[in-house]
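File shown here: protein_7.csv, holding CSV, C-alpha atoms.
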chain,number,residue,atom,x,y,z
A,232,MET,CA,93.7,19.7,355.8
A,233,SER,CA,92.2,17.1,358.2
A,234,GLU,CA,88.6,17.5,359.2
A,235,LYS,CA,87.9,19.0,362.6
A,236,LEU,CA,85.4,17.2,364.8
A,237,PHE,CA,83.3,19.3,367.1
A,238,TYR,CA,79.9,19.3,368.8
A,239,ALA,CA,77.4,22.1,368.7
A,240,LEU,CA,75.2,22.4,371.8
A,241,GLU,CA,72.2,24.7,371.3
A,242,TYR,CA,71.3,27.3,373.8
A,243,ARG,CA,68.0,25.6,374.6
A,244,ASP,CA,70.0,22.4,375.4
A,245,LEU,CA,72.3,24.3,377.7
A,246,ASN,CA,69.4,25.9,379.5
A,247,LEU,CA,67.8,22.5,380.0
A,248,LEU,CA,71.1,21.1,381.4
A,249,ARG,CA,71.5,24.1,383.7
A,250,THR,CA,68.0,23.7,385.0
A,251,GLN,CA,68.6,20.0,385.6
A,252,SER,CA,71.8,20.8,387.5
A,253,GLU,CA,70.0,23.3,389.7
A,254,LYS,CA,67.3,20.8,390.6
A,255,SER,CA,69.6,17.9,391.3
A,256,GLY,CA,72.2,20.0,393.1
A,257,ASN,CA,74.9,18.2,391.2
A,258,VAL,CA,77.3,19.4,388.6
A,259,LEU,CA,76.8,17.7,385.2
A,260,SER,CA,80.1,16.7,383.5
A,261,PHE,CA,80.8,15.7,379.9
A,262,LYS,CA,83.6,14.6,377.7
A,263,ILE,CA,83.6,15.8,374.0
A,264,ASN,CA,84.5,13.3,371.4
A,265,GLU,CA,83.4,12.2,367.9
A,266,SER,CA,80.1,10.9,369.3
A,267,GLY,CA,79.2,14.3,370.7
A,268,LEU,CA,78.7,15.2,374.3
A,269,VAL,CA,79.2,12.1,376.5
A,270,PRO,CA,78.3,12.2,380.2
A,271,VAL,CA,81.1,11.1,382.6
A,272,GLU,CA,81.2,10.2,386.2
A,273,ASP,CA,82.3,12.8,388.8
A,274,ASP,CA,85.6,11.1,389.4
A,275,GLU,CA,86.5,11.0,385.6
A,276,ASP,CA,88.3,13.7,383.7
A,277,CYS,CA,86.0,15.9,381.7
A,278,ASP,CA,86.0,18.7,379.1
A,279,LEU,CA,82.9,20.6,380.1
A,280,SER,CA,80.8,21.0,383.3
A,281,ILE,CA,77.4,22.6,383.8
A,282,GLY,CA,77.3,24.5,387.1
A,283,ARG,CA,74.5,26.4,388.8
A,284,SER,CA,75.4,29.7,387.3
A,285,ALA,CA,78.0,29.1,384.7
A,286,ILE,CA,79.5,26.6,382.2
A,287,TYR,CA,83.0,25.5,382.9
A,288,ILE,CA,85.3,24.5,380.0
A,289,TYR,CA,88.5,22.6,380.8
A,290,SER,CA,91.0,23.6,378.2
A,291,SER,CA,94.8,23.8,377.9
A,292,LEU,CA,94.4,27.2,376.2
A,293,PRO,CA,95.1,30.4,378.2
A,294,SER,CA,91.9,32.1,379.5
A,295,THR,CA,91.2,35.6,380.5
A,296,ARG,CA,89.2,34.2,383.4
A,297,LYS,CA,90.4,31.8,386.0
A,298,LEU,CA,88.3,28.6,385.3
A,299,ARG,CA,90.6,25.8,386.3
A,300,HIS,CA,93.5,26.2,388.7
A,301,THR,CA,96.8,24.4,388.3
A,302,THR,CA,98.7,26.0,391.2
A,303,CYS,CA,99.8,24.0,394.2
A,304,LYS,CA,98.9,24.9,397.8
A,305,LYS,CA,101.4,23.2,400.1
A,306,THR,CA,100.3,21.6,403.3
A,307,ASP,CA,101.8,19.1,405.7
A,308,THR,CA,99.9,16.3,404.0
A,309,VAL,CA,100.4,17.2,400.4
A,310,ASP,CA,103.4,16.3,398.2
A,311,SER,CA,105.0,19.5,397.1
A,312,ASN,CA,105.0,18.2,393.5
A,313,GLU,CA,101.3,17.5,393.5
A,314,ILE,CA,99.0,19.7,391.5
A,315,ARG,CA,95.8,20.5,393.3
A,316,PRO,CA,92.7,19.5,391.2
A,317,TYR,CA,90.5,22.5,392.1
A,318,GLY,CA,88.0,21.5,389.4
A,319,ASP,CA,87.5,18.1,391.1
A,320,ILE,CA,87.1,19.7,394.5
A,321,PHE,CA,84.6,22.1,393.0
A,322,ARG,CA,82.5,19.2,391.6
A,323,LEU,CA,82.6,17.5,395.1
A,324,LEU,CA,81.3,20.7,396.8
A,325,LEU,CA,78.5,21.0,394.3
A,326,GLN,CA,77.2,17.7,395.7
A,327,ILE,CA,77.2,18.7,399.3
A,328,GLN,CA,73.7,19.5,400.6
A,329,GLU,CA,75.0,22.0,403.1
A,330,PHE,CA,76.4,24.2,400.3
A,331,GLU,CA,73.3,24.2,398.0
A,332,ALA,CA,72.6,27.8,398.8
A,333,LEU,CA,76.1,28.9,397.6
A,334,ASN,CA,76.7,30.2,394.1
A,335,ASP,CA,79.5,29.0,391.8
A,336,GLU,CA,81.9,31.9,392.8
A,337,GLU,CA,81.5,31.1,396.5
A,338,LEU,CA,82.1,27.4,395.8
A,339,TRP,CA,85.2,28.2,393.8
A,340,SER,CA,86.5,30.2,396.8
A,341,LEU,CA,86.0,27.2,399.1
A,342,SER,CA,87.7,25.0,396.5
A,343,GLU,CA,90.8,27.1,396.5
A,344,GLN,CA,91.1,27.1,400.3
A,345,ALA,CA,90.2,23.5,401.0
A,346,ILE,CA,93.0,21.5,402.7
A,347,ARG,CA,93.8,18.1,401.4
A,348,HIS,CA,94.4,15.2,403.9
A,349,HIS,CA,95.5,11.7,403.2
A,350,TYR,CA,94.6,8.9,405.5
A,351,LEU,CA,95.6,5.3,405.8
A,352,ILE,CA,93.4,2.4,407.0
A,353,GLY,CA,92.6,2.8,410.7
A,354,ASP,CA,93.6,6.5,410.9
A,355,ARG,CA,91.4,8.7,413.0
A,356,VAL,CA,90.3,12.0,411.5
A,357,PHE,CA,89.1,13.2,415.0
A,358,ASN,CA,87.7,11.8,418.2
A,359,GLU,CA,84.4,12.2,419.9
A,360,GLY,CA,84.3,15.1,422.3
A,361,GLU,CA,87.2,17.0,420.6
A,362,ALA,CA,86.9,20.6,419.8
A,363,GLY,CA,86.6,21.4,416.1
A,364,GLU,CA,85.7,24.2,413.7
A,365,SER,CA,85.8,22.4,410.3
A,366,LEU,CA,84.1,19.9,408.1
A,367,PHE,CA,85.6,17.2,405.8
A,368,VAL,CA,84.5,16.2,402.3
A,369,VAL,CA,85.4,12.7,401.2
A,370,ALA,CA,87.2,12.7,397.8
A,371,SER,CA,88.1,9.0,397.8
A,372,GLY,CA,87.9,6.0,400.0
A,373,THR,CA,85.5,5.4,402.9
A,374,PHE,CA,85.2,6.4,406.6
A,375,HIS,CA,82.9,5.4,409.4
A,376,ALA,CA,81.5,7.5,412.2
A,377,ILE,CA,81.3,5.8,415.6
A,378,THR,CA,80.2,6.7,419.1
A,379,GLU,CA,80.6,5.1,422.5
A,380,THR,CA,77.5,4.1,424.5
A,381,GLU,CA,77.1,4.3,428.3
A,382,ASN,CA,77.7,0.6,428.4
A,383,GLY,CA,81.1,1.0,426.6
A,384,GLU,CA,79.8,-0.4,423.3
A,385,THR,CA,80.8,1.1,420.0
A,386,LEU,CA,78.0,2.0,417.6
A,387,THR,CA,78.5,2.8,413.9
A,388,LEU,CA,76.4,5.9,413.0
A,389,ARG,CA,77.3,6.4,409.4
A,390,ILE,CA,79.4,5.0,406.6
A,391,LEU,CA,80.9,7.9,404.6
A,392,GLY,CA,81.9,7.6,400.9
A,393,THR,CA,83.0,9.9,398.0
A,394,GLY,CA,81.0,13.1,397.9
A,395,GLN,CA,79.7,12.9,401.5
A,396,CYS,CA,80.8,15.2,404.3
A,397,PHE,CA,81.2,15.0,408.1
A,398,GLY,CA,81.9,17.4,410.9
A,399,GLU,CA,79.4,20.0,409.7
A,400,MET,CA,77.9,20.6,413.2
A,401,SER,CA,81.3,21.6,414.6
A,402,LEU,CA,82.0,23.9,411.6
A,403,LEU,CA,78.7,25.7,411.9
A,404,THR,CA,78.2,25.9,415.7
A,405,GLY,CA,81.6,25.2,417.3
A,406,GLU,CA,80.2,22.2,419.2
A,407,PRO,CA,82.6,19.4,420.2
A,408,ARG,CA,82.7,16.5,417.8
A,409,SER,CA,79.7,14.3,418.3
A,410,ALA,CA,81.4,11.1,417.0
A,411,SER,CA,84.8,9.7,416.1
A,412,VAL,CA,85.6,9.2,412.4
A,413,VAL,CA,88.0,6.5,411.2
A,414,ALA,CA,89.3,5.6,407.8
A,415,ASP,CA,88.2,2.2,406.5
A,416,GLU,CA,90.9,2.2,403.8
A,417,GLU,CA,93.4,4.5,402.2
A,418,SER,CA,91.4,7.7,401.7
A,419,VAL,CA,91.5,11.4,400.9
A,420,ALA,CA,89.3,14.1,402.4
A,421,TYR,CA,89.3,17.9,402.0
A,422,GLU,CA,88.9,20.1,405.1
A,423,ILE,CA,87.0,23.4,405.1
A,424,ASN,CA,87.5,25.6,408.2
A,425,LYS,CA,85.4,28.2,409.8
A,426,HIS,CA,87.6,31.1,408.5
A,427,HIS,CA,87.2,29.7,404.9
A,428,LEU,CA,83.4,30.1,405.3
A,429,SER,CA,83.2,33.2,407.4
A,430,SER,CA,83.2,35.9,404.7
A,431,ILE,CA,80.7,33.9,402.6
A,432,MET,CA,78.3,33.7,405.6
A,433,GLN,CA,78.6,37.4,406.2
A,434,ASN,CA,77.8,38.2,402.5
A,435,ASN,CA,75.0,35.6,402.3
A,436,PRO,CA,72.9,35.9,405.5
A,437,CYS,CA,70.2,33.6,404.2
A,438,LEU,CA,72.6,30.7,404.7
A,439,PHE,CA,72.0,30.8,408.5
A,440,GLU,CA,68.4,29.9,408.0
A,441,VAL,CA,69.0,27.3,405.4
A,442,LEU,CA,71.8,25.6,407.3
A,443,SER,CA,70.0,25.7,410.7
A,444,GLU,CA,67.0,23.8,409.2
A,445,LEU,CA,69.3,21.3,407.5
A,446,MET,CA,71.3,20.7,410.7
A,447,ALA,CA,68.2,20.2,412.7
A,448,ASP,CA,67.0,17.5,410.3
A,449,ARG,CA,70.4,15.9,410.2
A,450,HIS,CA,70.7,15.9,414.1
A,451,SER,CA,67.2,14.4,414.5
A,452,ALA,CA,68.0,11.6,412.0
A,453,THR,CA,71.3,10.8,413.7
A,454,GLN,CA,69.7,10.7,417.1
A,455,GLN,CA,67.0,8.4,415.9
A,456,GLN,CA,69.6,6.0,414.3
A,457,ALA,CA,71.7,5.9,417.5
A,458,LEU,CA,68.5,5.2,419.5
A,459,LEU,CA,67.5,2.4,417.2
A,460,GLN,CA,70.9,0.8,417.3
A,461,ALA,CA,71.0,1.0,421.1
A,462,LEU,CA,67.5,-0.6,421.3
A,463,ALA,CA,68.7,-3.4,419.0
A,464,ALA,CA,71.7,-4.0,421.2
A,465,GLU,CA,69.6,-4.1,424.3
A,466,ASN,CA,67.1,-6.5,422.6
A,467,ASN,CA,70.0,-8.8,421.7
A,468,ARG,CA,71.2,-8.8,425.3
A,469,THR,CA,67.7,-9.5,426.6
A,470,ALA,CA,67.2,-12.4,424.1
A,471,GLY,CA,70.6,-13.9,425.2
A,472,ASN,CA,69.6,-13.8,428.9
A,473,LEU,CA,66.2,-15.3,428.2
A,474,MET,CA,67.7,-18.1,426.1
A,475,LYS,CA,70.1,-18.9,429.0
A,476,LYS,CA,67.2,-19.1,431.4
A,477,MET,CA,65.2,-21.3,429.1
A,478,ARG,CA,68.2,-23.7,428.6
A,479,ASP,CA,68.7,-23.8,432.4
A,480,PHE,CA,65.0,-24.5,432.9
A,481,PHE,CA,65.0,-27.4,430.4
A,482,GLY,CA,68.3,-28.7,431.6
A,483,GLN,CA,70.1,-28.0,428.3
A,484,ASN,CA,73.0,-26.2,430.0
A,485,LYS,CA,74.0,-29.1,432.3
A,486,THR,CA,77.3,-30.8,431.7
A,487,LYS,CA,76.8,-34.4,430.6

This entry written out as structure tokens:
Amino acid sequence: MSEKLFYALEYRDLNLLRTQSEKSGNVLSFKINESGLVPVEDDEDCDLSIGRSAIYIYSSLPSTRKLRHTTCKKTDTVDSNEIRPYGDIFRLLLQIQEFEALNDEELWSLSEQAIRHHYLIGDRVFNEGEAGESLFVVASGTFHAITETENGETLTLRILGTGQCFGEMSLLTGEPRSASVVADEESVAYEINKHHLSSIMQNNPCLFEVLSELMADRHSATQQQALLQALAAENNRTAGNLMKKMRDFFGQNKTK
């Protein structure tokens, strides 16, 4: 009979990992091999994840409790043969600051309902000024958020990569999109709608206070960044005009 390899994790170690997960706001994922418990990146396959209120074991064995889902939810953008990796979506949502106040059960609920979208380079997720009631979580690839100035110039507000979200203001307040979002490369993002979050908000009223403070900070930071970029563009124009005047004054712009 061949020897079975296994790794024993003591309760004190699990409690330490759980505390670390709660503090960082991220799920901690591991692969189990002959070396023991080996940490893995969020985009790698794993055997065990430490959540905020539970430990998730990824196993092919049947379970009395639904831990990892392998059913497929069909949408216009998902291949009917594709298996939705709910565990991966769950790990993404654990990294989102807006959802820090949600427990594991609530995050699982959002994971099950999230809608997968596939984008090609140059595709627009939405345009500035459009109505919207959803946010998007980047699963792979990159996007950039842009806005148009009064002078018709395009300013890049944010570069968005894996684990980041956008569109949260429209989801939480119903305000029109404050920027356009464009895919920089072939990318995947998951959409969470208002009706996905509605029951959770009703059962967890403290979310309103937490999210309003977070949104206020985010809005202020975005406004400051847009202002700084506008000032930088204006300084560049002023410098160009001054350089032309200086060249004219010293005769450097005359045709020889």

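As for CA of Ala285 (chain A) and CA of Arg249 (chain A), they are spaced 8.3 Å apart.
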
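Shortest separation to Asp415 (chain A) among A:Asp278, A:Glu343, A:Asp319, A:Asp354 occurs at residue A:Asp354, atoms counted being all atoms listed in the file.
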
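The two atoms in question, CA of Gly405 (chain A) and CA of Arg347 (chain A), are spaced 21.3 Å apart.
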
Which residues of region 464-486 of chain A come within 12 Å of region 379-383 of chain A, and what is each one's closest atom pair and distance in Å (one decimal), counting only C-alpha atoms, sorted by chain and residue number, as a tab-separated table?
residue	atom	partner	partner_atom	distance
A:Ala464	CA	A:Asn382	CA	10.4
A:Glu465	CA	A:Asn382	CA	10.2
A:Arg468	CA	A:Asn382	CA	11.8

- Which neighbours of Phe374 (chain A) fall inside 12 Å, counting only C-alpha atoms, when residues of the same chain fewer than 2 positions from it are skipped, and could you give them as an NGL selection string? :A and (350-357 or 367-372 or 376-377 or 387-397 or 411-420)

- Item | Close residues, region 434-444 of chain A itself excluded, 12 Å, all atoms listed in the file, min 4 positions apart in chain, as a list in words |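 Result of the neighbour search: Ile327, Gln328, Glu329, Phe330, Glu331, Ala332, Leu333, Asn334, Glu337, Glu399, Met400, Leu402, Leu403, Thr404, Leu428, Ser429, Ser430, Asp448, Arg449, His450 and Ser451 of chain A.
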
- Just give me the gap between CA of Phe261 (chain A) and CA of Leu279 (chain A) in Å, one decimal is fine.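 So the two atoms, CA of Phe261 (chain A) and CA of Leu279 (chain A), lie 5.3 Å apart.
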
- Task: Rank A:Leu268, A:His427, A:Ser342, A:Ser409 by their smallest atom-to-atom distance to Asp244 (chain A), using all atoms listed in the file, and report the top residue only.
- Result: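 Result for the nearest residue to Asp244 (chain A): A:Leu268.
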
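Proximity to Gly282 (chain A) at 8 Å, evaluated using all atoms listed in the file and with sequence-adjacent residues fewer than 6 positions away removed, yields A:Arg249, A:Ser252, A:Glu253, A:Asn257, A:Val258, A:Leu259, A:Asp335.
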
- Task: Counting all atoms listed in the file, figure out which residue out of A:Gln251, A:Asn466, A:Ser365, A:Asn472 gets nearest to Ser401 (chain A).
- Result: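 Result for the nearest residue to Ser401 (chain A): A:Ser365.
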